[in-house]
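Source file: model-v4.cif; contents: mmCIF, C-alpha atoms and all ligand atoms.
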data_target
#
loop_
_atom_site.label_atom_id
_atom_site.label_comp_id
_atom_site.auth_asym_id
_atom_site.auth_seq_id
_atom_site.Cartn_x
_atom_site.Cartn_y
_atom_site.Cartn_z
CA MET A 659 5.41 -9.94 -7.44
CA PRO A 660 4.64 -8.18 -4.16
CA THR A 661 6.14 -9.66 -1.00
CA VAL A 662 3.99 -9.96 2.13
CA LEU A 663 5.42 -10.44 5.62
CA ILE A 664 3.15 -12.27 8.09
CA VAL A 665 3.97 -11.69 11.77
CA GLU A 666 1.79 -14.12 13.71
CA ASP A 667 2.67 -16.60 16.47
CA GLU A 668 -0.14 -19.08 15.81
CA ILE A 669 1.54 -21.48 13.38
CA LYS A 670 -1.65 -23.00 11.95
CA LEU A 671 -3.16 -19.61 11.22
CA ARG A 672 0.12 -18.30 9.80
CA GLU A 673 0.49 -21.23 7.41
CA LEU A 674 -3.16 -21.05 6.37
CA VAL A 675 -2.83 -17.37 5.47
CA ARG A 676 0.48 -18.11 3.73
CA SER A 677 -1.09 -20.77 1.51
CA TYR A 678 -3.94 -18.45 0.51
CA LEU A 679 -1.57 -15.58 -0.33
CA GLU A 680 0.78 -17.86 -2.30
CA ARG A 681 -2.18 -19.17 -4.26
CA ASP A 682 -2.71 -15.58 -5.40
CA GLY A 683 0.89 -15.37 -6.57
CA LEU A 684 2.30 -13.35 -3.68
CA THR A 685 5.71 -14.04 -2.15
CA VAL A 686 5.29 -14.72 1.56
CA LEU A 687 7.74 -14.35 4.47
CA THR A 688 6.75 -15.32 7.99
CA ALA A 689 7.80 -14.51 11.51
CA GLY A 690 6.49 -15.92 14.80
CA THR A 691 7.66 -13.11 17.08
CA GLY A 692 7.75 -9.33 16.97
CA ALA A 693 11.56 -9.32 17.09
CA ASP A 694 11.86 -11.72 14.14
CA GLY A 695 9.24 -9.66 12.30
CA LEU A 696 11.25 -6.48 12.73
CA HIS A 697 14.45 -8.22 11.59
CA LEU A 698 12.76 -9.65 8.50
CA PHE A 699 11.14 -6.31 7.74
CA ALA A 700 14.51 -4.54 7.81
CA ALA A 701 16.22 -7.27 5.78
CA ALA A 702 13.59 -8.00 3.13
CA LYS A 703 11.64 -4.72 2.74
CA PRO A 704 8.26 -6.39 2.10
CA ASP A 705 5.47 -4.57 0.23
CA LEU A 706 2.89 -5.21 2.97
CA ILE A 707 2.83 -6.53 6.54
CA ILE A 708 0.11 -8.62 8.15
CA LEU A 709 0.64 -8.02 11.84
CA ASP A 710 -0.95 -9.87 14.75
CA LEU A 711 -1.52 -7.63 17.76
CA GLY A 712 -1.05 -10.43 20.30
CA LEU A 713 2.56 -11.59 19.96
CA PRO A 714 4.58 -13.50 22.58
CA ASP A 715 7.49 -11.06 22.93
CA ILE A 716 6.65 -7.48 22.01
CA SER A 717 3.12 -6.27 21.32
CA GLY A 718 1.93 -5.80 17.77
CA GLU A 719 1.34 -2.14 18.61
CA ALA A 720 5.02 -1.74 19.51
CA VAL A 721 6.06 -3.52 16.32
CA ALA A 722 3.84 -1.21 14.25
CA ALA A 723 5.19 1.87 16.00
CA GLU A 724 8.77 0.75 15.33
CA ILE A 725 8.01 0.12 11.64
CA ARG A 726 6.21 3.44 11.29
CA ARG A 727 9.25 5.32 12.55
CA GLY A 728 10.98 4.79 9.24
CA SER A 729 8.46 3.41 6.78
CA SER A 730 5.01 3.92 5.31
CA VAL A 731 4.68 0.26 4.25
CA PRO A 732 1.01 -0.84 4.36
CA ILE A 733 0.07 -2.71 7.55
CA VAL A 734 -2.99 -4.93 7.95
CA MET A 735 -3.58 -5.76 11.59
CA LEU A 736 -5.01 -8.98 12.99
CA THR A 737 -6.64 -8.91 16.35
CA ALA A 738 -8.76 -11.05 18.62
CA ARG A 739 -9.74 -7.98 20.55
CA VAL A 740 -12.97 -6.34 19.69
CA GLU A 741 -12.90 -3.25 21.84
CA GLU A 742 -13.25 -0.06 19.88
CA ALA A 743 -10.39 1.51 21.87
CA ASP A 744 -7.99 -1.20 20.69
CA ARG A 745 -9.02 -0.75 17.08
CA ILE A 746 -8.63 2.98 17.24
CA ARG A 747 -5.21 2.63 18.87
CA GLY A 748 -4.07 0.32 16.08
CA LEU A 749 -5.31 2.71 13.45
CA GLU A 750 -3.58 5.59 15.20
CA LEU A 751 -0.35 3.67 14.79
CA GLY A 752 -0.94 3.79 11.07
CA ALA A 753 -2.55 0.47 10.19
CA ASP A 754 -4.20 0.56 6.78
CA ASP A 755 -6.76 -2.10 7.47
CA TYR A 756 -7.98 -4.28 10.26
CA VAL A 757 -9.24 -7.85 10.46
CA THR A 758 -10.80 -9.24 13.63
CA LYS A 759 -10.35 -12.93 14.48
CA PRO A 760 -11.89 -15.26 13.63
CA PHE A 761 -11.80 -14.24 9.96
CA SER A 762 -12.09 -16.03 6.66
CA PRO A 763 -8.68 -16.34 4.96
CA ARG A 764 -10.29 -15.40 1.66
CA GLU A 765 -11.55 -12.13 3.17
CA LEU A 766 -8.08 -11.33 4.50
CA VAL A 767 -6.53 -12.01 1.08
CA LEU A 768 -9.06 -9.69 -0.59
CA ARG A 769 -8.21 -6.95 1.91
CA VAL A 770 -4.48 -7.45 1.31
CA LEU A 771 -4.90 -7.31 -2.45
CA ALA A 772 -7.04 -4.16 -2.13
CA VAL A 773 -4.42 -2.43 0.03
CA LEU A 774 -1.65 -3.42 -2.41
CA ARG A 775 -3.70 -2.10 -5.35
CA ARG A 776 -4.31 1.20 -3.62
CA GLY A 777 -0.61 1.45 -2.82
CA ALA A 778 0.36 0.76 -6.42
CA GLY A 779 -1.35 3.97 -7.60
CA GLN A 780 -3.59 3.06 -10.52
CA ASP A 781 -3.99 6.70 -11.55
CA ASP A 782 -0.78 7.03 -13.51
CA GLN A 783 -2.37 9.11 -16.27
CA GLN A 784 -2.92 11.96 -13.84
CA PRO A 785 -0.67 15.00 -13.85
CA THR A 786 0.91 16.75 -10.92
CA HIS A 787 -1.32 19.21 -9.07
CA GLY A 788 -0.29 22.17 -6.99
CA TYR A 789 -2.34 23.75 -4.21
CA GLY A 790 -2.04 26.99 -2.27
CA GLY A 791 0.54 28.53 -4.60
CA GLY A 792 2.75 25.43 -4.61
CA ARG A 793 2.63 24.83 -0.85
CA LEU A 794 1.18 21.40 -1.46
CA VAL A 795 2.11 19.37 -4.55
CA ILE A 796 0.50 16.01 -5.31
CA ASP A 797 1.94 13.79 -8.02
CA GLU A 798 -0.56 11.02 -8.65
CA ALA A 799 1.76 9.04 -10.91
CA THR A 800 4.55 8.67 -8.37
CA ARG A 801 2.37 9.14 -5.25
CA ASN A 802 4.75 11.88 -4.17
CA VAL A 803 3.45 14.52 -1.79
CA THR A 804 5.53 17.58 -1.06
CA VAL A 805 4.67 20.34 1.40
CA ASP A 806 6.68 23.55 1.32
CA GLY A 807 9.23 21.75 -0.83
CA GLY A 808 9.73 18.77 1.49
CA GLN A 809 8.66 15.29 0.49
CA ARG A 810 6.26 13.53 2.89
CA GLU A 811 5.89 9.77 3.30
CA LEU A 812 2.20 8.85 3.55
CA THR A 813 0.65 5.46 4.20
CA PRO A 814 -1.74 4.23 1.47
CA THR A 815 -4.74 5.20 3.59
CA GLU A 816 -3.41 8.70 4.30
CA TRP A 817 -2.65 9.08 0.60
CA ARG A 818 -6.18 8.12 -0.46
CA ILE A 819 -7.72 10.50 2.08
CA LEU A 820 -5.58 13.42 0.94
CA LEU A 821 -6.25 12.58 -2.69
CA ALA A 822 -10.01 12.50 -2.05
CA LEU A 823 -9.93 15.90 -0.32
CA ALA A 824 -7.77 17.35 -3.11
CA THR A 825 -10.10 16.15 -5.86
CA ARG A 826 -12.37 19.09 -5.11
CA PRO A 827 -10.64 21.59 -2.84
CA GLY A 828 -13.08 23.29 -0.49
CA ARG A 829 -15.76 20.63 -0.83
CA VAL A 830 -16.71 19.08 2.51
CA TYR A 831 -16.25 15.30 2.72
CA SER A 832 -18.04 13.38 5.47
CA ARG A 833 -16.17 10.72 7.43
CA ALA A 834 -18.23 8.03 5.71
CA GLU A 835 -17.26 9.36 2.28
CA LEU A 836 -13.58 9.49 3.21
CA ILE A 837 -13.47 6.00 4.70
CA ASN A 838 -15.17 4.73 1.58
CA ARG A 839 -12.68 6.48 -0.70
CA ALA A 840 -9.73 5.41 1.38
CA ARG A 841 -10.62 1.78 1.84
CA GLY A 842 -12.94 0.99 -0.99
CA HIS A 843 -15.35 -0.84 1.28
CA GLU A 844 -17.67 0.04 4.10
CA PHE A 845 -16.61 -0.25 7.69
CA GLU A 846 -19.42 -0.34 10.18
CA GLY A 847 -18.63 1.84 13.12
CA TYR A 848 -15.27 2.78 11.70
CA GLU A 849 -15.98 6.37 10.86
CA ARG A 850 -13.97 7.42 13.89
CA SER A 851 -10.93 5.73 12.39
CA VAL A 852 -10.89 8.50 9.77
CA ASP A 853 -10.08 10.91 12.59
CA SER A 854 -7.05 8.81 13.50
CA HIS A 855 -5.74 8.82 9.95
CA ILE A 856 -6.39 12.56 9.65
CA LYS A 857 -4.43 13.07 12.87
CA ASN A 858 -1.48 11.11 11.45
CA LEU A 859 -1.76 12.89 8.11
CA ARG A 860 -1.69 16.28 9.80
CA ARG A 861 1.41 15.32 11.77
CA LYS A 862 3.11 14.73 8.43
CA ILE A 863 1.89 17.62 6.32
CA GLU A 864 0.91 20.48 8.63
CA ALA A 865 3.46 23.01 9.93
CA ASP A 866 1.47 22.99 13.20
CA PRO A 867 -0.88 19.98 13.46
CA ALA A 868 -2.83 21.80 16.20
CA GLN A 869 -3.54 24.70 13.80
CA PRO A 870 -4.08 22.88 10.50
CA GLU A 871 -4.09 24.90 7.29
CA ILE A 872 -4.23 22.09 4.72
CA VAL A 873 -6.73 19.54 6.09
CA LEU A 874 -9.47 21.47 7.86
CA THR A 875 -12.14 20.11 10.19
CA VAL A 876 -15.62 21.29 9.31
CA LEU A 877 -18.01 22.05 12.14
CA GLY A 878 -20.84 19.54 12.16
CA GLY A 879 -18.73 16.74 10.73
CA GLY A 880 -16.32 16.20 7.93
CA TYR A 881 -13.15 17.57 6.44
CA ARG A 882 -12.09 19.74 3.54
CA LEU A 883 -8.90 20.87 1.86
CA GLY A 884 -7.98 24.36 3.04
CA LEU A 885 -5.90 25.26 -0.03
CA SER A 886 -7.20 26.08 -3.49
CA ARG A 887 -5.87 24.42 -6.58
CA ASP A 888 -3.20 26.30 -8.53
CA GLY A 889 -3.60 27.19 -12.19
CA CA A 901 -1.27 -14.14 18.54
#
Rewrite the structure from the file as structure tokens, please.
Ligand code: CA
Amino acid sequence: MPTVLIVEDEIKLRELVRSYLERDGLTVLTAGTGADGLHLFAAAKPDLIILDLGLPDISGEAVAAEIRRGSSVPIVMLTARVEEADRIRGLELGADDYVTKPFSPRELVLRVLAVLRRGAGQDDQQPTHGYGGGRLVIDEATRNVTVDGGQRELTPTEWRILLALATRPGRVYSRAELINRARGHEFEGYERSVDSHIKNLRRKIEADPAQPEIVLTVLGGGYRLGLSRDG
């Protein structure tokens, strides 16, 4: 059973979310501060983290940044803030989904289950594909991505975006198409968040993120894979 770590200082909200997740059979760990969250994360290696942005000690952004230094564990962020800039900043830190307070616990659970499903890689019948003469190798069964022989750790959202682009190399995918593929549901006004994930993805897979060769921006909107499929 997947383990979910909730980092949230509001006890009532934390326990409410816990009860909903446990009802769906998930194992739940909780922390009320960023420091406790980081300790529990290191000790228990949860499969997903629900992270409140407004914590009493260190900010949720700082917690996410610390986690992202060594892990691609899925992160779902909770926030009371509604400013676009805050959302984008969270997504730049590598959050896989976002829920704005107040939210329905059921909706949050559905998002968590969707992120866990995407992370589990349902496509295990698919073979390994090479692109650009072996520069990029995508193994759908194990979710392994290697670039120039080196393995790259992608978040579930980055993985889904790359997989979508690689489905038909050269085809242009709009932001709306990519966000849909990556998240499985529509996000009003979230098309810009694709840019954040692309930026993070490029940092991981491009030799020079400023001169991308794998994930190309298409003038007039959208992205395409810059390598052709081998074989
Ligand atoms: Ca809070």
Would you give me, as a Markdown table, each residue of chain A having an atom within 7 Å of an atom of ligand CA 901 (chain A), along with its shortest atom pair and that distance in Å to one decimal, using all atoms listed in the file and sorting by chain and residue number?
| residue | atom | partner | partner_atom | distance |
| --- | --- | --- | --- | --- |
| A:Glu666 | CA | A:CA901 | CA | 5.7 |
| A:Asp667 | CA | A:CA901 | CA | 5.1 |
| A:Glu668 | CA | A:CA901 | CA | 5.8 |
| A:Asp710 | CA | A:CA901 | CA | 5.7 |
| A:Leu711 | CA | A:CA901 | CA | 6.6 |
| A:Gly712 | CA | A:CA901 | CA | 4.1 |
| A:Leu713 | CA | A:CA901 | CA | 4.8 |
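We find CA of Val770 in chain A and CA of Leu698 in chain A to be spaced 18.8 Å apart.
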Surrounding residues of range 821-832 of chain A excluding itself and chain neighbours under 4 positions, 7 Å, all atoms listed in the file, as a compact mmCIF listing (two decimals) with C-alpha atoms, in the frame of the given file:
# COMPACT_ATOMS: atom_id res chain seq x y z
CA TRP A 817 -2.65 9.08 0.60
CA LEU A 836 -13.58 9.49 3.21
CA ARG A 839 -12.68 6.48 -0.70
CA GLY A 879 -18.73 16.74 10.73
CA GLY A 880 -16.32 16.20 7.93
CA TYR A 881 -13.15 17.57 6.44
CA ARG A 882 -12.09 19.74 3.54
CA LEU A 883 -8.90 20.87 1.86
CA GLY A 884 -7.98 24.36 3.04
CA LEU A 885 -5.90 25.26 -0.03
CA SER A 886 -7.20 26.08 -3.49
CA ARG A 887 -5.87 24.42 -6.58
_Under the rule that all atoms listed in the file are counted, which of A:Glu871, A:Gly807, A:Leu774, A:Arg764 is the nearest residue to Leu684 in chain A?_
A:Leu774
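The spacing separating CA of Leu679 in chain A from CA of Val734 in chain A amounts to 13.6 Å.
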*Distance CA of His787 in chain A-CA of Asp888 in chain A, one decimal place?*
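Computed distance, CA of His787 in chain A to CA of Asp888 in chain A, equals 7.4 Å.
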*asked:* So, with only C-alpha atoms as the atoms that count, which of A:Glu719, A:Glu864, A:Glu673, A:Asp682 lies closest to Arg810 in chain A?
replied: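 The closest residue to Arg810 in chain A is A:Glu864.
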*Which one is closest to Ala865 in chain A: A:Gly792, A:Gly718, A:Gly808, A:Gly692? Count all atoms listed in the file.*
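Among the listed residues, the smallest separation from Ala865 in chain A belongs to A:Gly808.
Nearest to Asp754 in chain A of all the residues A:Val852, A:Leu696, A:Ala702, A:Leu794 is A:Val852, counting all atoms listed in the file.
If you count all atoms listed in the file and ignore residues fewer than 3 places along the chain from Asp705 in chain A, what sits within 6 Å of it is Pro660, Thr661 and Val662 of chain A.
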